[in-house]
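Just start09.cif here, mmCIF, C-alpha atoms and all ligand atoms:
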data_target
loop_
_atom_site.label_atom_id
_atom_site.label_comp_id
_atom_site.auth_asym_id
_atom_site.auth_seq_id
_atom_site.Cartn_x
_atom_site.Cartn_y
_atom_site.Cartn_z
CA MET A 142 20.57 -95.79 191.35
CA ASP A 143 24.28 -96.58 190.73
CA GLU A 144 23.58 -96.42 187.02
CA GLU A 145 21.98 -92.99 187.40
CA LYS A 146 25.00 -91.80 189.36
CA GLN A 147 27.30 -93.17 186.66
CA VAL A 148 25.33 -91.46 183.93
CA SER A 149 25.40 -88.20 185.80
CA ARG A 150 29.13 -88.68 186.48
CA ARG A 151 29.63 -89.37 182.80
CA GLY A 152 27.55 -86.30 181.98
CA PHE A 153 29.58 -84.23 184.41
CA LEU A 154 32.86 -85.35 182.87
CA SER A 155 31.54 -84.68 179.40
CA ARG A 156 30.42 -81.16 180.32
CA THR A 157 33.73 -80.49 182.07
CA ILE A 158 35.70 -81.58 179.01
CA TRP A 159 33.52 -79.37 176.78
CA ALA A 160 33.95 -76.45 179.18
CA ILE A 161 37.75 -76.83 179.24
CA GLY A 162 37.79 -77.14 175.46
CA GLY A 163 35.66 -74.00 175.21
CA LEU A 164 37.99 -72.07 177.51
CA ILE A 165 41.04 -73.15 175.51
CA THR A 166 39.33 -72.21 172.25
CA ALA A 167 38.30 -68.83 173.65
CA GLY A 168 41.78 -68.29 175.09
CA PHE A 169 43.39 -68.70 171.66
CA GLY A 170 40.50 -67.71 169.42
CA ILE A 171 39.52 -64.30 170.82
CA PRO A 172 43.06 -62.82 170.73
CA ALA A 173 43.59 -64.33 167.27
CA ILE A 174 40.42 -62.73 165.93
CA ALA A 175 41.29 -59.40 167.57
CA TYR A 176 44.79 -59.62 166.04
CA ILE A 177 43.40 -60.27 162.58
CA ILE A 178 40.57 -57.73 162.40
CA GLY A 179 41.83 -55.16 164.95
CA PRO A 180 43.81 -52.94 162.55
CA ALA A 181 40.89 -52.79 160.14
CA LEU A 182 38.68 -51.40 162.90
CA GLN A 183 41.16 -48.85 164.27
CA ARG A 184 40.26 -45.25 163.77
CA ASP A 185 42.78 -42.80 165.09
CA ALA A 186 41.70 -39.17 164.83
CA ALA A 187 45.32 -38.04 165.14
CA GLN A 188 46.13 -39.91 161.90
CA ASN A 189 43.86 -37.55 160.01
CA LEU A 190 45.95 -34.48 160.87
CA ILE A 191 48.72 -33.98 158.33
CA ARG A 192 51.47 -31.61 159.34
CA LEU A 193 52.68 -29.31 156.56
CA GLY A 194 55.22 -27.01 158.18
CA ALA A 195 55.71 -23.50 159.50
CA ALA A 196 52.93 -21.00 158.83
CA SER A 197 55.61 -18.31 158.50
CA LYS A 198 56.66 -19.86 155.17
CA VAL A 199 53.45 -18.58 153.57
CA GLU A 200 53.86 -15.06 152.20
CA LEU A 201 50.80 -12.84 152.23
CA GLY A 202 48.77 -13.28 149.04
CA ILE A 203 51.14 -15.83 147.49
CA PRO A 204 50.14 -19.50 147.45
CA THR A 205 53.01 -21.55 148.85
CA LEU A 206 53.50 -25.18 147.94
CA PHE A 207 54.03 -27.69 150.75
CA LYS A 208 55.03 -31.26 149.95
CA VAL A 209 54.47 -34.03 152.45
CA THR A 210 54.58 -37.80 152.45
CA VAL A 211 51.72 -39.45 154.26
CA GLN A 212 51.21 -43.05 155.18
CA ARG A 213 47.72 -44.41 154.77
CA LYS A 214 46.84 -47.57 156.58
CA THR A 215 43.97 -49.69 155.35
CA GLY A 216 43.73 -52.79 157.47
CA TRP A 217 47.14 -54.42 157.12
CA ILE A 218 48.17 -52.48 154.05
CA VAL A 219 50.26 -49.31 154.46
CA ASN A 220 50.68 -47.07 151.43
CA GLU A 221 52.85 -44.00 151.12
CA GLU A 222 51.42 -41.06 149.24
CA GLU A 223 52.98 -37.76 148.21
CA LEU A 224 50.73 -34.77 148.77
CA SER A 225 51.37 -31.33 147.34
CA ILE A 226 49.26 -28.65 148.95
CA TYR A 227 49.07 -24.96 148.17
CA VAL A 228 48.46 -22.77 151.20
CA ARG A 229 47.59 -19.12 150.96
CA THR A 230 46.68 -16.34 153.36
CA ASP A 231 45.79 -12.69 153.04
CA ASP A 232 46.24 -11.74 156.69
CA GLY A 233 48.64 -14.30 158.22
CA ARG A 234 45.89 -15.66 160.48
CA ASN A 235 43.36 -17.30 158.17
CA PHE A 236 44.77 -19.90 155.82
CA THR A 237 43.32 -21.71 152.83
CA ALA A 238 44.76 -25.03 151.70
CA MET A 239 44.07 -26.68 148.38
CA SER A 240 45.32 -29.59 146.37
CA ASN A 241 47.55 -29.00 143.37
CA VAL A 242 45.78 -31.81 141.51
CA CYS A 243 43.62 -30.58 138.65
CA THR A 244 40.01 -31.65 138.91
CA HIS A 245 39.88 -32.43 135.19
CA LEU A 246 42.18 -35.40 134.70
CA GLY A 247 44.55 -35.10 137.63
CA CYS A 248 47.54 -33.17 136.25
CA ARG A 249 49.45 -30.91 138.62
CA VAL A 250 48.56 -27.25 138.57
CA ARG A 251 51.14 -24.55 139.26
CA TRP A 252 50.88 -21.01 140.50
CA VAL A 253 51.63 -18.36 137.87
CA ALA A 254 52.61 -15.36 139.95
CA ASP A 255 52.38 -12.62 137.32
CA ARG A 256 48.85 -13.70 136.33
CA LYS A 257 47.81 -14.58 139.90
CA GLU A 258 46.26 -17.82 138.67
CA PHE A 259 46.78 -21.54 138.91
CA PHE A 260 47.46 -23.07 135.52
CA CYS A 261 47.10 -26.67 134.45
CA PRO A 262 49.33 -27.32 131.42
CA CYS A 263 47.59 -30.53 130.33
CA HIS A 264 44.46 -28.92 128.82
CA ASN A 265 44.93 -25.26 129.72
CA GLY A 266 42.75 -25.31 132.82
CA VAL A 267 42.86 -22.06 134.78
CA PHE A 268 41.89 -21.52 138.43
CA ASP A 269 41.82 -18.34 140.48
CA LYS A 270 43.81 -17.83 143.70
CA ASP A 271 41.10 -19.63 145.69
CA GLY A 272 41.08 -22.60 143.35
CA ASN A 273 37.84 -21.69 141.54
CA VAL A 274 37.67 -22.57 137.86
CA ILE A 275 38.18 -19.59 135.54
CA SER A 276 38.43 -21.40 132.23
CA GLY A 277 39.16 -24.71 130.57
CA PRO A 278 37.72 -28.16 131.10
CA PRO A 279 38.08 -28.64 134.91
CA PRO A 280 34.58 -29.45 136.18
CA ARG A 281 35.02 -28.07 139.70
CA PRO A 282 37.36 -26.05 141.96
CA LEU A 283 40.59 -27.46 143.36
CA ASN A 284 39.95 -29.66 146.38
CA ARG A 285 40.15 -27.76 149.65
CA TYR A 286 41.39 -28.92 153.04
CA GLU A 287 40.51 -27.70 156.49
CA VAL A 288 43.56 -25.97 157.98
CA LYS A 289 44.66 -25.99 161.61
CA VAL A 290 47.38 -23.72 162.99
CA GLU A 291 49.00 -24.72 166.26
CA ASN A 292 52.16 -23.18 167.67
CA GLY A 293 52.87 -21.62 164.29
CA GLN A 294 52.64 -25.00 162.50
CA LEU A 295 50.18 -25.66 159.72
CA SER A 296 48.27 -28.91 159.45
CA ILE A 297 45.46 -30.06 157.25
CA VAL A 298 42.67 -32.35 158.23
CA GLY A 299 42.18 -35.49 156.21
CA GLY A 300 44.11 -35.26 153.00
S1 LIG A 401 44.03 -32.20 133.55
FE1 LIG A 401 43.98 -30.10 134.05
S2 LIG A 401 42.88 -29.23 132.44
FE2 LIG A 401 42.88 -31.31 131.97
#
Could you render the structure from this file as structure tokens?
Ligand code: FES
Amino acid sequence: MDEEKQVSRRGFLSRTIWAIGGLITAGFGIPAIAYIIGPALQRDAAQNLIRLGAASKVELGIPTLFKVTVQRKTGWIVNEEELSIYVRTDDGRNFTAMSNVCTHLGCRVRWVADRKEFFCPCHNGVFDKDGNVISGPPPRPLNRYEVKVENGQLSIVGG
């Protein structure tokens, strides 16, 4: 009987020590794991909205170039990226935003006002005012962005 009590006392002590060890491990381990993998799991919708500037800068019918620096966070790594976005409007209410990166090999296109076309000097790619390919080797239109206008400020989604 005494031996049984001792065994159960020994068992109780053993379980208690394991339980305390488990609590200590959980107390340090769970925050440590959250600290390590947390940033990789974060998704902030607000991060996807990139502010360009005042909508009033865009003249009717003339694509206007906006340049912004965005920070992209992938896990623990933060990269800065320069974006150049052409924004155009025909009525001052509906805006179209497109990348100035040629879809052929990534050169920068520029707006040629007297021809009303985007021109890529690398291989003579030509795009219309909406970014559609007119001629040259580019395989597809300029990349488009969804535009938001709030309090007279233009933003694009994603980027
Ligand atoms: S990179 Fe623009 S046409 Fe080739």
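Among A:Ala196, A:Val274, A:Cys243, A:Leu206, the residue with the shortest atom-to-atom distance to ligand LIG 401 (chain A), counting all atoms listed in the file, is A:Cys243.
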Under the rule of at most 6 Å, produce a per-residue listing of chain A near ligand LIG 401 (chain A): chain, number, name, the closest pair of atoms, and the distance in Å, as JSON lines, using only C-alpha atoms and all ligand atoms.
{"residue": "A:Cys243", "atom": "CA", "partner": "A:LIG401", "partner_atom": "FE1", "distance": 4.6}
{"residue": "A:His245", "atom": "CA", "partner": "A:LIG401", "partner_atom": "S1", "distance": 4.5}
{"residue": "A:Leu246", "atom": "CA", "partner": "A:LIG401", "partner_atom": "S1", "distance": 3.9}
{"residue": "A:Gly247", "atom": "CA", "partner": "A:LIG401", "partner_atom": "S1", "distance": 5.0}
{"residue": "A:Cys248", "atom": "CA", "partner": "A:LIG401", "partner_atom": "S1", "distance": 4.5}
{"residue": "A:Cys261", "atom": "CA", "partner": "A:LIG401", "partner_atom": "FE1", "distance": 4.7}
{"residue": "A:Cys263", "atom": "CA", "partner": "A:LIG401", "partner_atom": "FE2", "distance": 5.0}
{"residue": "A:His264", "atom": "CA", "partner": "A:LIG401", "partner_atom": "S2", "distance": 4.0}
{"residue": "A:Asn265", "atom": "CA", "partner": "A:LIG401", "partner_atom": "S2", "distance": 5.2}
{"residue": "A:Gly266", "atom": "CA", "partner": "A:LIG401", "partner_atom": "S2", "distance": 3.9}
{"residue": "A:Pro278", "atom": "CA", "partner": "A:LIG401", "partner_atom": "S2", "distance": 5.4}
{"residue": "A:Pro279", "atom": "CA", "partner": "A:LIG401", "partner_atom": "S2", "distance": 5.4}
Notebook entry, point to check: Of the candidates A:Arg234, A:Glu200, A:Arg150, A:Ala173, which one gets nearest to A:Glu291 if we count all atoms listed in the file?
Noted result: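 Closest to A:Glu291, using all atoms listed in the file: A:Arg234.
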Check: Any idea what the distance is between atom CA of A:Asn220 and atom CA of A:Leu283?
Finding: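 About the pair atom CA of A:Asn220 and atom CA of A:Leu283: they are 23.5 Å apart.
If you look at atom CA of A:Ile203 and atom CA of A:Ser276, they are 20.6 Å away from each other.
Relative to atom CA of A:Asp232, atom CA of A:Ala195 is found at 15.4 Å.
Take the candidates A:Trp217, A:Phe236, A:Tyr227, A:Phe169 and check each one against A:Phe259 using all atoms listed in the file; the shortest distance goes to A:Tyr227.
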Next item on the list: Enumerate, as a PyMOL selection string, the protein, DNA and RNA residues whose atoms approach (53.7, -45.0, 152.5) to within 8 Å, taking into account all atoms listed in the file and the coordinate frame of the file.
Entry: chain A and resi 210-213+219-222
